[in-house]
>>> print(open('entry_33.txt').read())   # compact mmCIF, C-alpha atoms
# COMPACT_ATOMS: atom_id res chain seq x y z
CA MET E 295 -21.83 -13.21 30.43
CA GLN E 296 -24.55 -11.86 28.14
CA GLN E 297 -23.19 -8.54 26.85
CA MET E 298 -22.30 -8.82 23.18
CA ILE E 299 -18.67 -8.67 22.14
CA THR E 300 -17.84 -7.13 18.75
CA ILE E 301 -14.61 -7.98 16.95
CA LEU E 302 -13.90 -5.72 13.99
CA GLY E 303 -10.90 -4.96 11.84
CA PRO E 304 -9.68 -4.77 8.26
CA THR E 305 -9.53 -7.74 5.94
CA ALA E 306 -6.68 -10.18 6.67
CA SER E 307 -6.40 -9.13 10.33
CA GLY E 308 -7.43 -12.53 11.71
CA LYS E 309 -10.83 -11.58 13.14
CA THR E 310 -12.56 -14.94 12.68
CA PRO E 311 -9.93 -17.18 14.35
CA LEU E 312 -9.86 -14.72 17.25
CA ALA E 313 -13.66 -14.75 17.58
CA ALA E 314 -13.67 -18.55 17.54
CA ALA E 315 -10.91 -18.79 20.17
CA LEU E 316 -12.79 -16.29 22.32
CA ALA E 317 -16.04 -18.25 22.01
CA VAL E 318 -14.27 -21.31 23.40
CA ALA E 319 -12.62 -19.31 26.20
CA LEU E 320 -15.91 -17.91 27.53
CA PRO E 321 -17.57 -19.74 30.44
CA PRO E 322 -19.33 -22.88 29.13
CA VAL E 323 -23.13 -23.01 28.97
CA ASN E 324 -24.80 -26.41 29.42
CA GLY E 325 -21.58 -28.16 28.49
CA GLU E 326 -21.13 -26.16 25.29
CA CYS E 327 -18.79 -23.28 24.47
CA GLY E 328 -20.14 -20.01 25.82
CA GLY E 329 -20.07 -17.90 22.66
CA GLU E 330 -21.61 -18.00 19.20
CA ILE E 331 -20.52 -15.88 16.25
CA ILE E 332 -22.72 -13.54 14.21
CA SER E 333 -21.06 -12.61 10.93
CA ALA E 334 -20.89 -8.94 9.94
CA ASP E 335 -19.80 -9.47 6.35
CA SER E 336 -21.98 -8.20 3.52
CA ARG E 337 -20.94 -10.91 1.06
CA GLN E 338 -20.63 -14.04 3.21
CA VAL E 339 -24.43 -14.20 3.31
CA TYR E 340 -24.34 -15.75 -0.19
CA ARG E 341 -24.23 -19.51 -0.69
CA ARG E 342 -21.51 -20.98 -2.91
CA MET E 343 -19.57 -17.72 -2.81
CA ASP E 344 -16.96 -19.19 -0.51
CA ILE E 345 -13.39 -18.61 -1.63
CA GLY E 346 -13.93 -15.09 -2.96
CA THR E 347 -15.68 -13.92 0.20
CA GLY E 348 -13.08 -15.54 2.45
CA LYS E 349 -15.52 -17.58 4.53
CA ASP E 350 -12.71 -19.87 5.69
CA LEU E 351 -15.22 -22.03 7.56
CA ALA E 352 -12.37 -24.09 9.01
CA ASP E 353 -11.59 -21.06 11.18
CA TYR E 354 -14.75 -21.81 13.19
CA THR E 355 -13.21 -25.06 14.43
CA VAL E 356 -10.85 -24.63 17.37
CA HIS E 357 -8.46 -27.53 17.92
CA GLY E 358 -6.55 -28.73 20.98
CA SER E 359 -4.72 -25.45 21.43
CA GLY E 360 -7.99 -23.77 22.33
CA SER E 361 -8.86 -23.03 25.93
CA MET E 362 -12.04 -23.19 27.93
CA VAL E 363 -12.77 -21.33 31.10
CA GLN E 364 -13.61 -23.69 33.94
CA GLY E 365 -14.08 -21.91 37.22
CA SER E 366 -11.40 -19.27 37.37
CA SER E 367 -8.61 -21.01 35.46
CA LEU E 368 -7.97 -21.78 31.81
CA THR E 369 -7.60 -25.45 30.95
CA ILE E 370 -6.59 -27.01 27.66
CA ASN E 371 -9.39 -28.71 25.74
CA GLN E 372 -7.95 -31.40 23.46
CA GLU E 373 -11.13 -32.08 21.45
CA PRO E 374 -11.77 -29.86 18.41
CA LEU E 375 -14.81 -27.65 18.84
CA THR E 376 -16.85 -26.15 16.02
CA ILE E 377 -18.27 -22.79 17.02
CA PRO E 378 -21.86 -22.11 15.90
CA TYR E 379 -22.07 -19.23 13.44
CA HIS E 380 -24.93 -17.17 12.03
CA LEU E 381 -25.69 -15.06 8.92
CA ILE E 382 -23.43 -17.04 6.60
CA ASP E 383 -24.92 -18.89 3.60
CA ILE E 384 -28.42 -17.51 4.09
CA CYS E 385 -29.34 -16.37 0.56
CA GLU E 386 -28.72 -17.19 -3.09
CA PRO E 387 -26.13 -15.53 -5.34
CA GLY E 388 -27.64 -12.97 -7.68
CA THR E 389 -29.93 -11.53 -5.01
CA LYS E 390 -29.34 -8.08 -3.52
CA TYR E 391 -29.05 -8.50 0.23
CA ASN E 392 -29.22 -5.15 2.01
CA LEU E 393 -28.70 -3.38 5.31
CA PHE E 394 -32.38 -3.49 6.27
CA GLN E 395 -32.46 -7.26 5.83
CA TYR E 396 -29.22 -7.57 7.78
CA GLN E 397 -30.68 -5.73 10.76
CA GLN E 398 -33.66 -8.07 10.82
CA ASP E 399 -31.52 -11.19 10.50
CA PHE E 400 -29.04 -9.91 13.08
CA PHE E 401 -31.71 -9.39 15.72
CA ASP E 402 -33.19 -12.83 15.08
CA ALA E 403 -29.78 -14.43 15.65
CA TYR E 404 -28.92 -12.13 18.56
CA HIS E 405 -32.12 -12.88 20.50
CA ASP E 406 -31.78 -16.61 19.79
CA ILE E 407 -28.24 -16.68 21.23
CA ILE E 408 -29.17 -14.57 24.25
CA SER E 409 -32.23 -16.75 24.96
CA ARG E 410 -29.95 -19.77 25.34
CA GLY E 411 -27.71 -17.99 27.83
CA LYS E 412 -24.76 -17.63 25.47
CA THR E 413 -22.69 -14.61 24.49
CA PRO E 414 -23.13 -13.23 20.96
CA ILE E 415 -19.84 -12.34 19.25
CA LEU E 416 -20.38 -10.00 16.30
CA CYS E 417 -17.44 -10.45 13.96
CA GLY E 418 -16.64 -8.89 10.60
CA GLY E 419 -15.32 -6.04 8.56
CA THR E 420 -18.44 -4.44 7.07
CA GLY E 421 -18.42 -1.27 9.14
CA LEU E 422 -21.84 -0.07 8.04
CA TYR E 423 -23.48 -3.34 9.13
CA ILE E 424 -21.71 -3.23 12.48
CA GLU E 425 -22.56 0.39 13.15
CA ALA E 426 -26.18 -0.08 12.07
CA VAL E 427 -26.87 -2.75 14.68
CA LEU E 428 -24.80 -1.20 17.47
CA LYS E 429 -26.37 2.22 17.05
CA GLY E 430 -29.83 0.99 16.09
CA TYR E 431 -30.24 2.66 12.69
CA GLN E 432 -33.89 3.27 11.86
CA LEU E 433 -34.32 1.91 8.35
CA SER E 434 -37.09 0.89 5.99
CA PRO E 435 -37.08 -1.36 2.90
CA VAL E 436 -36.71 0.40 -0.45
CA PRO E 437 -38.40 -1.20 -3.51
CA GLN E 438 -36.91 -1.08 -7.00
CA ASN E 439 -37.97 1.84 -9.22
CA PRO E 440 -37.99 0.62 -12.87
CA ALA E 441 -38.78 4.09 -14.28
CA LEU E 442 -35.88 5.68 -12.40
CA ARG E 443 -33.53 2.89 -13.47
CA ALA E 444 -34.53 3.36 -17.11
CA SER E 445 -33.86 7.09 -16.87
CA LEU E 446 -30.38 6.46 -15.47
CA GLU E 447 -29.38 3.88 -18.06
CA GLY E 448 -26.44 5.03 -20.15
CA LYS E 449 -25.14 7.59 -17.67
CA THR E 450 -21.47 7.41 -16.78
CA LEU E 451 -20.23 6.49 -13.32
CA ASP E 452 -19.06 10.09 -12.79
CA GLU E 453 -22.53 11.43 -13.67
CA LEU E 454 -24.21 8.93 -11.34
CA THR E 455 -21.77 9.77 -8.55
CA GLN E 456 -22.55 13.49 -8.82
CA MET E 457 -26.30 12.77 -8.72
CA LEU E 458 -25.83 10.62 -5.62
CA VAL E 459 -23.79 13.26 -3.83
CA GLU E 460 -26.48 15.88 -4.49
CA LEU E 461 -29.27 13.57 -3.29
CA LYS E 462 -27.40 12.71 -0.12
CA GLN E 463 -26.91 16.42 0.56
CA GLN E 464 -30.65 16.98 0.21
CA ASN E 465 -31.40 14.07 2.55
CA GLY E 466 -28.71 15.01 5.04
CA SER E 467 -27.42 11.46 4.67
CA THR E 468 -24.13 10.67 6.39
CA MET E 469 -23.77 7.02 5.37
CA HIS E 470 -22.05 7.63 2.03
CA ASN E 471 -18.86 5.71 1.36
CA LYS E 472 -16.93 4.79 -1.75
CA THR E 473 -18.45 1.33 -2.03
CA ASP E 474 -21.70 3.07 -3.08
CA VAL E 475 -20.07 4.11 -6.34
CA ASP E 476 -17.54 1.46 -7.34
CA SER E 477 -19.83 0.43 -10.21
CA CYS E 478 -22.75 1.96 -12.14
CA GLN E 479 -25.08 -0.72 -10.76
CA ARG E 480 -24.23 0.12 -7.16
CA ALA E 481 -24.51 3.86 -7.84
CA ILE E 482 -27.97 3.42 -9.42
CA ARG E 483 -29.17 1.41 -6.41
CA ALA E 484 -27.83 4.07 -4.04
CA ILE E 485 -29.63 6.78 -6.08
CA GLU E 486 -32.80 4.67 -5.93
CA ILE E 487 -32.59 4.52 -2.14
CA GLU E 488 -31.88 8.24 -1.72
CA THR E 489 -34.70 9.17 -4.14
CA TYR E 490 -37.13 6.96 -2.23
CA ASN E 491 -36.11 8.47 1.11
CA LEU E 492 -36.41 12.00 -0.31
CA HIS E 493 -39.94 11.63 -1.67
CA THR E 494 -41.56 8.91 0.46
CA PRO E 495 -42.61 9.32 4.09
CA THR E 496 -41.49 6.11 5.78
CA ASP E 497 -42.57 4.40 8.95
CA HIS E 498 -39.32 3.53 10.66
CA ARG E 499 -38.95 0.16 12.23
CA GLU E 500 -37.79 0.38 15.84
CA MET E 501 -34.35 -1.14 16.20
CA PRO E 502 -32.82 -0.56 19.63
CA PRO E 503 -29.07 0.02 19.96
CA VAL E 504 -27.08 -2.95 21.24
CA ASP E 505 -24.64 -2.64 24.12
CA SER E 506 -21.34 -4.22 23.17
CA LEU E 507 -17.71 -4.39 24.15
CA ILE E 508 -15.92 -3.47 20.91
CA ILE E 509 -12.54 -4.99 20.10
CA GLY E 510 -10.55 -3.70 17.13
CA VAL E 511 -7.90 -5.95 15.61
CA ASN E 512 -5.08 -3.69 14.49
CA ILE E 513 -2.54 -5.02 12.02
CA ASP E 514 0.56 -3.13 10.91
CA ARG E 515 0.12 -1.72 7.40
CA GLU E 516 3.04 -3.59 5.88
CA ALA E 517 2.07 -6.85 7.57
CA ARG E 518 -1.49 -6.38 6.32
CA ARG E 519 -0.33 -5.77 2.76
CA GLU E 520 1.91 -8.85 2.81
CA LYS E 521 -0.88 -11.02 4.20
CA ILE E 522 -3.42 -9.73 1.66
CA SER E 523 -1.09 -10.49 -1.25
CA ARG E 524 -0.23 -13.96 0.05
CA ARG E 525 -3.87 -14.77 0.75
CA LEU E 526 -4.93 -13.66 -2.74
CA LYS E 527 -2.40 -16.00 -4.34
CA THR E 528 -3.63 -18.85 -2.13
CA ARG E 529 -7.27 -18.25 -2.97
CA LEU E 530 -6.56 -18.23 -6.68
CA GLU E 531 -4.62 -21.48 -6.32
CA GLU E 532 -7.50 -23.00 -4.32
CA GLY E 533 -9.98 -22.45 -7.14
CA MET E 534 -11.43 -18.95 -6.92
CA ILE E 535 -11.61 -18.69 -10.72
CA ASP E 536 -13.43 -22.03 -10.94
CA GLU E 537 -15.82 -20.83 -8.24
CA VAL E 538 -16.78 -17.80 -10.33
CA LYS E 539 -17.04 -19.92 -13.49
CA GLY E 540 -19.42 -22.20 -11.61
CA LEU E 541 -21.63 -19.31 -10.58
CA LEU E 542 -21.75 -18.05 -14.15
CA ALA E 543 -22.58 -21.58 -15.34
CA GLU E 544 -25.55 -21.60 -12.96
CA GLY E 545 -26.97 -18.72 -14.97
CA ILE E 546 -26.07 -15.91 -12.58
CA PRO E 547 -25.57 -12.83 -14.79
CA ALA E 548 -22.03 -11.49 -15.01
CA GLU E 549 -23.26 -8.02 -14.02
CA ASP E 550 -24.64 -9.45 -10.77
CA LEU E 551 -21.26 -10.95 -9.88
CA ILE E 552 -19.51 -7.71 -10.83
CA TYR E 553 -21.96 -5.93 -8.50
CA TYR E 554 -20.48 -7.83 -5.53
CA GLY E 555 -17.14 -6.13 -6.15
CA LEU E 556 -13.52 -7.06 -5.45
CA GLU E 557 -12.79 -10.74 -6.25
CA TYR E 558 -16.06 -11.31 -8.10
CA LYS E 559 -15.75 -8.14 -10.15
CA PHE E 560 -12.18 -8.67 -11.32
CA VAL E 561 -12.32 -12.45 -11.78
CA THR E 562 -15.56 -12.16 -13.77
CA GLU E 563 -13.96 -9.56 -16.04
CA TYR E 564 -10.99 -11.91 -16.53
CA ILE E 565 -13.25 -14.86 -17.39
CA MET E 566 -15.11 -12.67 -19.89
CA GLY E 567 -11.81 -11.89 -21.60
CA GLN E 568 -11.72 -8.22 -20.64
CA THR E 569 -8.33 -8.49 -18.88
CA THR E 570 -5.37 -10.83 -18.77
CA TYR E 571 -4.61 -12.96 -15.72
CA ASP E 572 -1.71 -10.72 -14.68
CA GLU E 573 -3.79 -7.56 -15.12
CA MET E 574 -6.60 -9.13 -13.10
CA PHE E 575 -4.24 -10.10 -10.28
CA LYS E 576 -2.55 -6.69 -10.13
CA ARG E 577 -5.81 -4.70 -10.21
CA LEU E 578 -7.48 -6.98 -7.67
CA GLU E 579 -4.52 -6.83 -5.31
CA ILE E 580 -4.58 -3.01 -5.41
CA ALA E 581 -8.37 -2.97 -4.92
CA ILE E 582 -8.16 -5.19 -1.81
CA HIS E 583 -5.44 -2.99 -0.32
CA GLN E 584 -7.64 0.06 -0.95
CA PHE E 585 -10.62 -1.74 0.55
CA ALA E 586 -8.68 -2.50 3.76
CA LYS E 587 -7.70 1.15 4.00
CA ARG E 588 -11.36 2.21 3.63
CA GLN E 589 -12.33 -0.24 6.35
CA MET E 590 -9.88 1.35 8.77
CA THR E 591 -11.14 4.81 7.80
CA TRP E 592 -14.67 3.70 8.70
CA PHE E 593 -13.60 2.25 12.06
CA ARG E 594 -11.70 5.42 12.96
CA GLY E 595 -14.83 7.32 11.98
CA MET E 596 -16.84 5.18 14.40
CA GLU E 597 -14.54 6.35 17.18
CA ARG E 598 -15.19 9.97 16.20
CA ARG E 599 -18.91 9.19 16.28
CA GLY E 600 -18.69 8.10 19.90
CA PHE E 601 -17.87 4.38 19.82
CA SER E 602 -15.18 3.15 22.20
CA ILE E 603 -12.97 0.61 20.40
CA HIS E 604 -10.32 -1.31 22.33
CA TRP E 605 -7.52 -2.00 19.83
CA ILE E 606 -5.32 -5.06 20.18
CA ASP E 607 -2.30 -6.10 18.13
CA ALA E 608 -3.17 -8.73 15.52
CA LEU E 609 0.35 -10.17 15.56
CA GLN E 610 0.29 -11.17 19.23
CA PRO E 611 -0.09 -14.85 20.16
CA MET E 612 -3.73 -15.94 20.14
CA GLU E 613 -3.77 -16.76 23.85
CA ASP E 614 -2.55 -13.23 24.68
CA LYS E 615 -5.26 -11.64 22.55
CA VAL E 616 -7.97 -13.77 24.14
CA GLN E 617 -6.71 -12.99 27.65
CA GLN E 618 -6.78 -9.25 26.88
CA ILE E 619 -10.41 -9.47 25.77
CA LEU E 620 -11.41 -11.56 28.81
CA ALA E 621 -9.77 -8.96 31.06
CA LEU E 622 -11.80 -6.21 29.37
CA CYS E 623 -14.95 -8.27 29.90
CA GLY E 624 -14.28 -8.09 33.62
>>> encode(input="entry_33.txt", output="structure tokens")
Amino acid sequence: MQQMITILGPTASGKTPLAAALAVALPPVNGECGGEIISADSRQVYRRMDIGTGKDLADYTVHGSGSMVQGSSLTINQEPLTIPYHLIDICEPGTKYNLFQYQQDFFDAYHDIISRGKTPILCGGTGLYIEAVLKGYQLSPVPQNPALRASLEGKTLDELTQMLVELKQQNGSTMHNKTDVDSCQRAIRAIEIETYNLHTPTDHREMPPVDSLIIGVNIDREARREKISRRLKTRLEEGMIDEVKGLLAEGIPAEDLIYYGLEYKFVTEYIMGQTTYDEMFKRLEIAIHQFAKRQMTWFRGMERRGFSIHWIDALQPMEDKVQQILALCG
């Protein structure tokens, strides 16, 4: 099997454990599990940003309950297997990883996996990254524009948002989503990109679309909300605040961590004394719920844009979910 399999879904839907179990269940290649995972998460690319991005690297190890396909029947494999993964921990915090870089890195990993006869499993919740590689977006790198940034300094988020909307209308851009404008820094970068595309003829890099079976992990709204809240409490108990303090102690500017949004934004503001712990928790919890809702809106939009997504119930037993995907693979 060489066709890529994509597993997408909102945060807290259990995508990574499913991808790992599927990788083990695919026909073995040279005595190894038949699948390898390519992350589609815009923040897990950063080293030492582990708890806040939800890397949960233990999820890539499948224990004795995993199954491997041998011939035509599933047999239990008692030895734990660690599934190879790609595009996690590939750059330093404080840098601005972008969609263009992701496309390049994705294709490097994709061709490497294919060349070894294994099945790539694209797994994540960053809809724009997923759609860009599946559809083959034609993109070009956009340099920073210091003069433009200086001219935008001091403008409010509402003013920047209005400028961005007008630029996107001029460019006929359809990739706008609310994550472009959840901070002034993000809005300025988005304006920088749209201004560059408006005034600069670009040579597009050819990126072919990728054929993929697309699996959507659907989790009931109430179950998702309960899991998000429980997971947030766990991550805070496991040291998420200390993780952010450590990044700040390395000399990473607070505004760079705030740029990454969600956990890093709210925890950084708490550490800087701008909110209380309870305020931080409440605002972050709401923001993650809103983020999950936006993710689902994007995935439903993908269906309207012509993608066929096979939705499976997140709350089913793992073996049932894997068997459903194998059946779809034919």
>>> closest_residue(input="entry_33.txt", among="E:Ala444, E:Leu433, E:Leu316, E:Val356", to="E:Pro414", atoms="all atoms listed in the file")
E:Leu316
>>> atom_distance(input="entry_33.txt", atom1="atom CA of E:Gly466", atom2="atom CA of E:Pro304")
27.6 Å
>>> residues_around(input="entry_33.txt", residues="E:Ala314", least_positions_apart="2", cutoff="7 Å", atoms="all atoms listed in the file", output="PDB file with C-alpha atoms, in the frame of the given file")
ATOM      1  CA  THR E 310     -12.560 -14.940  12.680  1.00  0.00           C
ATOM      2  CA  PRO E 311      -9.930 -17.180  14.350  1.00  0.00           C
ATOM      3  CA  LEU E 312      -9.860 -14.720  17.250  1.00  0.00           C
ATOM      4  CA  LEU E 316     -12.790 -16.290  22.320  1.00  0.00           C
ATOM      5  CA  ALA E 317     -16.040 -18.250  22.010  1.00  0.00           C
ATOM      6  CA  VAL E 318     -14.270 -21.310  23.400  1.00  0.00           C
ATOM      7  CA  TYR E 354     -14.750 -21.810  13.190  1.00  0.00           C
ATOM      8  CA  VAL E 356     -10.850 -24.630  17.370  1.00  0.00           C
ATOM      9  CA  ILE E 377     -18.270 -22.790  17.020  1.00  0.00           C
TER      10      ILE E 377
END
>>> atom_distance(input="entry_33.txt", atom1="atom CA of E:Cys327", atom2="atom CA of E:Pro502")
27.1 Å
>>> atom_distance(input="entry_33.txt", atom1="atom CA of E:Leu551", atom2="atom CA of E:Gly388")
7.0 Å
>>> closest_residue(input="entry_33.txt", among="E:Asp350, E:Asp550, E:Asp505, E:Glu537", to="E:Gly430", atoms="only C-alpha atoms")
E:Asp505
>>> residues_around(input="entry_33.txt", residues="E:Asp344", least_positions_apart="2", cutoff="12 Å", atoms="only C-alpha atoms", output="VMD selection string")
chain E and resid 337 to 342 346 to 352 382 to 383 387 529 532 to 538 540 to 541 557 to 558
>>> write_last_selection(input="entry_33.txt", atoms="C-alpha atoms", output="PDB file, keeping the file's coordinate frame")
ATOM      1  CA  ARG E 337     -20.940 -10.910   1.060  1.00  0.00           C
ATOM      2  CA  GLN E 338     -20.630 -14.040   3.210  1.00  0.00           C
ATOM      3  CA  VAL E 339     -24.430 -14.200   3.310  1.00  0.00           C
ATOM      4  CA  TYR E 340     -24.340 -15.750  -0.190  1.00  0.00           C
ATOM      5  CA  ARG E 341     -24.230 -19.510  -0.690  1.00  0.00           C
ATOM      6  CA  ARG E 342     -21.510 -20.980  -2.910  1.00  0.00           C
ATOM      7  CA  GLY E 346     -13.930 -15.090  -2.960  1.00  0.00           C
ATOM      8  CA  THR E 347     -15.680 -13.920   0.200  1.00  0.00           C
ATOM      9  CA  GLY E 348     -13.080 -15.540   2.450  1.00  0.00           C
ATOM     10  CA  LYS E 349     -15.520 -17.580   4.530  1.00  0.00           C
ATOM     11  CA  ASP E 350     -12.710 -19.870   5.690  1.00  0.00           C
ATOM     12  CA  LEU E 351     -15.220 -22.030   7.560  1.00  0.00           C
ATOM     13  CA  ALA E 352     -12.370 -24.090   9.010  1.00  0.00           C
ATOM     14  CA  ILE E 382     -23.430 -17.040   6.600  1.00  0.00           C
ATOM     15  CA  ASP E 383     -24.920 -18.890   3.600  1.00  0.00           C
ATOM     16  CA  PRO E 387     -26.130 -15.530  -5.340  1.00  0.00           C
ATOM     17  CA  ARG E 529      -7.270 -18.250  -2.970  1.00  0.00           C
ATOM     18  CA  GLU E 532      -7.500 -23.000  -4.320  1.00  0.00           C
ATOM     19  CA  GLY E 533      -9.980 -22.450  -7.140  1.00  0.00           C
ATOM     20  CA  MET E 534     -11.430 -18.950  -6.920  1.00  0.00           C
ATOM     21  CA  ILE E 535     -11.610 -18.690 -10.720  1.00  0.00           C
ATOM     22  CA  ASP E 536     -13.430 -22.030 -10.940  1.00  0.00           C
ATOM     23  CA  GLU E 537     -15.820 -20.830  -8.240  1.00  0.00           C
ATOM     24  CA  VAL E 538     -16.780 -17.800 -10.330  1.00  0.00           C
ATOM     25  CA  GLY E 540     -19.420 -22.200 -11.610  1.00  0.00           C
ATOM     26  CA  LEU E 541     -21.630 -19.310 -10.580  1.00  0.00           C
ATOM     27  CA  GLU E 557     -12.790 -10.740  -6.250  1.00  0.00           C
ATOM     28  CA  TYR E 558     -16.060 -11.310  -8.100  1.00  0.00           C
TER      29      TYR E 558
END
>>> closest_residue(input="entry_33.txt", among="E:Ser336, E:Thr376, E:Gln398, E:Asn392", to="E:Thr420", atoms="all atoms listed in the file")
E:Ser336
>>> residues_around(input="entry_33.txt", residues="E:Gly510", least_positions_apart="3", cutoff="9 Å", atoms="only C-alpha atoms", output="PyMOL selection string")
chain E and resi 300-304+309+593+603-607
>>> closest_atom_pairs(input="entry_33.txt", of="stretch 381-465 of chain E", to="stretch 473-492 of chain E", cutoff="7 Å", atoms="all atoms listed in the file", output="CSV")
residue,atom,partner,partner_atom,distance
E:Val436,CA,E:Ile487,CA,6.1
E:Asn439,CA,E:Glu486,CA,6.7
E:Arg443,CA,E:Ile482,CA,6.9
E:Leu451,CA,E:Cys478,CA,5.3
E:Leu454,CA,E:Ala481,CA,6.2
E:Thr455,CA,E:Val475,CA,6.3
E:Leu458,CA,E:Ile485,CA,5.4
E:Leu461,CA,E:Glu488,CA,6.1
E:Lys462,CA,E:Glu488,CA,6.5
E:Asn465,CA,E:Leu492,CA,6.1
>>> write_last_selection(input="entry_33.txt", atoms="C-alpha atoms", output="short mmCIF file (atom, residue, chain, number, x, y, z; two decimals), in the coordinates of the input")
data_model
loop_
_atom_site.label_atom_id
_atom_site.label_comp_id
_atom_site.auth_asym_id
_atom_site.auth_seq_id
_atom_site.Cartn_x
_atom_site.Cartn_y
_atom_site.Cartn_z
CA VAL E 436 -36.71 0.40 -0.45
CA ASN E 439 -37.97 1.84 -9.22
CA ARG E 443 -33.53 2.89 -13.47
CA LEU E 451 -20.23 6.49 -13.32
CA LEU E 454 -24.21 8.93 -11.34
CA THR E 455 -21.77 9.77 -8.55
CA LEU E 458 -25.83 10.62 -5.62
CA LEU E 461 -29.27 13.57 -3.29
CA LYS E 462 -27.40 12.71 -0.12
CA ASN E 465 -31.40 14.07 2.55
#
>>> residues_near_point(input="entry_33.txt", point="(-14.6, -29.5, 18.2)", cutoff="9 Å", atoms="only C-alpha atoms", output="ChimeraX atom specification")
/E:355-358,372-377
>>> build_atoms(input="entry_33.txt", residues="stretch 561-566 of chain E", atoms="all heavy atoms", output="tab-separated table (two decimals), in the coordinates of the input")
chain	number	residue	atom	x	y	z
E	561	VAL	N	-12.41	-11.11	-11.21
E	561	VAL	CA	-12.32	-12.45	-11.78
E	561	VAL	C	-13.35	-12.63	-12.88
E	561	VAL	O	-13.06	-13.25	-13.92
E	561	VAL	CB	-12.50	-13.52	-10.68
E	561	VAL	CG1	-12.59	-14.91	-11.29
E	561	VAL	CG2	-11.32	-13.46	-9.69
E	562	THR	N	-14.55	-12.08	-12.72
E	562	THR	CA	-15.56	-12.16	-13.77
E	562	THR	C	-15.08	-11.46	-15.03
E	562	THR	O	-15.22	-11.98	-16.15
E	562	THR	CB	-16.89	-11.54	-13.31
E	562	THR	OG1	-17.38	-12.28	-12.18
E	562	THR	CG2	-17.94	-11.57	-14.42
E	563	GLU	N	-14.49	-10.28	-14.88
E	563	GLU	CA	-13.96	-9.56	-16.04
E	563	GLU	C	-12.86	-10.36	-16.74
E	563	GLU	O	-12.77	-10.37	-17.97
E	563	GLU	CB	-13.44	-8.19	-15.61
E	563	GLU	CG	-14.55	-7.23	-15.21
E	563	GLU	CD	-14.03	-5.92	-14.64
E	563	GLU	OE1	-12.82	-5.84	-14.32
E	563	GLU	OE2	-14.84	-4.98	-14.49
E	564	TYR	N	-12.04	-11.07	-15.95
E	564	TYR	CA	-10.99	-11.91	-16.53
E	564	TYR	C	-11.61	-13.07	-17.31
E	564	TYR	O	-11.21	-13.36	-18.46
E	564	TYR	CB	-10.08	-12.44	-15.42
E	564	TYR	CG	-9.23	-13.62	-15.84
E	564	TYR	CD1	-8.23	-13.48	-16.80
E	564	TYR	CD2	-9.45	-14.88	-15.30
E	564	TYR	CE1	-7.46	-14.57	-17.20
E	564	TYR	CE2	-8.69	-15.97	-15.69
E	564	TYR	CZ	-7.70	-15.81	-16.65
E	564	TYR	OH	-6.95	-16.88	-17.03
E	565	ILE	N	-12.60	-13.73	-16.72
E	565	ILE	CA	-13.25	-14.86	-17.39
E	565	ILE	C	-13.92	-14.42	-18.69
E	565	ILE	O	-13.92	-15.15	-19.69
E	565	ILE	CB	-14.28	-15.51	-16.44
E	565	ILE	CG1	-13.56	-16.19	-15.27
E	565	ILE	CG2	-15.16	-16.52	-17.19
E	565	ILE	CD1	-14.48	-16.65	-14.16
E	566	MET	N	-14.45	-13.19	-18.69
E	566	MET	CA	-15.11	-12.67	-19.89
E	566	MET	C	-14.13	-12.17	-20.93
E	566	MET	O	-14.52	-11.68	-21.99
E	566	MET	CB	-16.07	-11.55	-19.48
E	566	MET	CG	-17.23	-12.01	-18.62
E	566	MET	SD	-18.21	-10.64	-17.99
E	566	MET	CE	-18.91	-10.03	-19.53
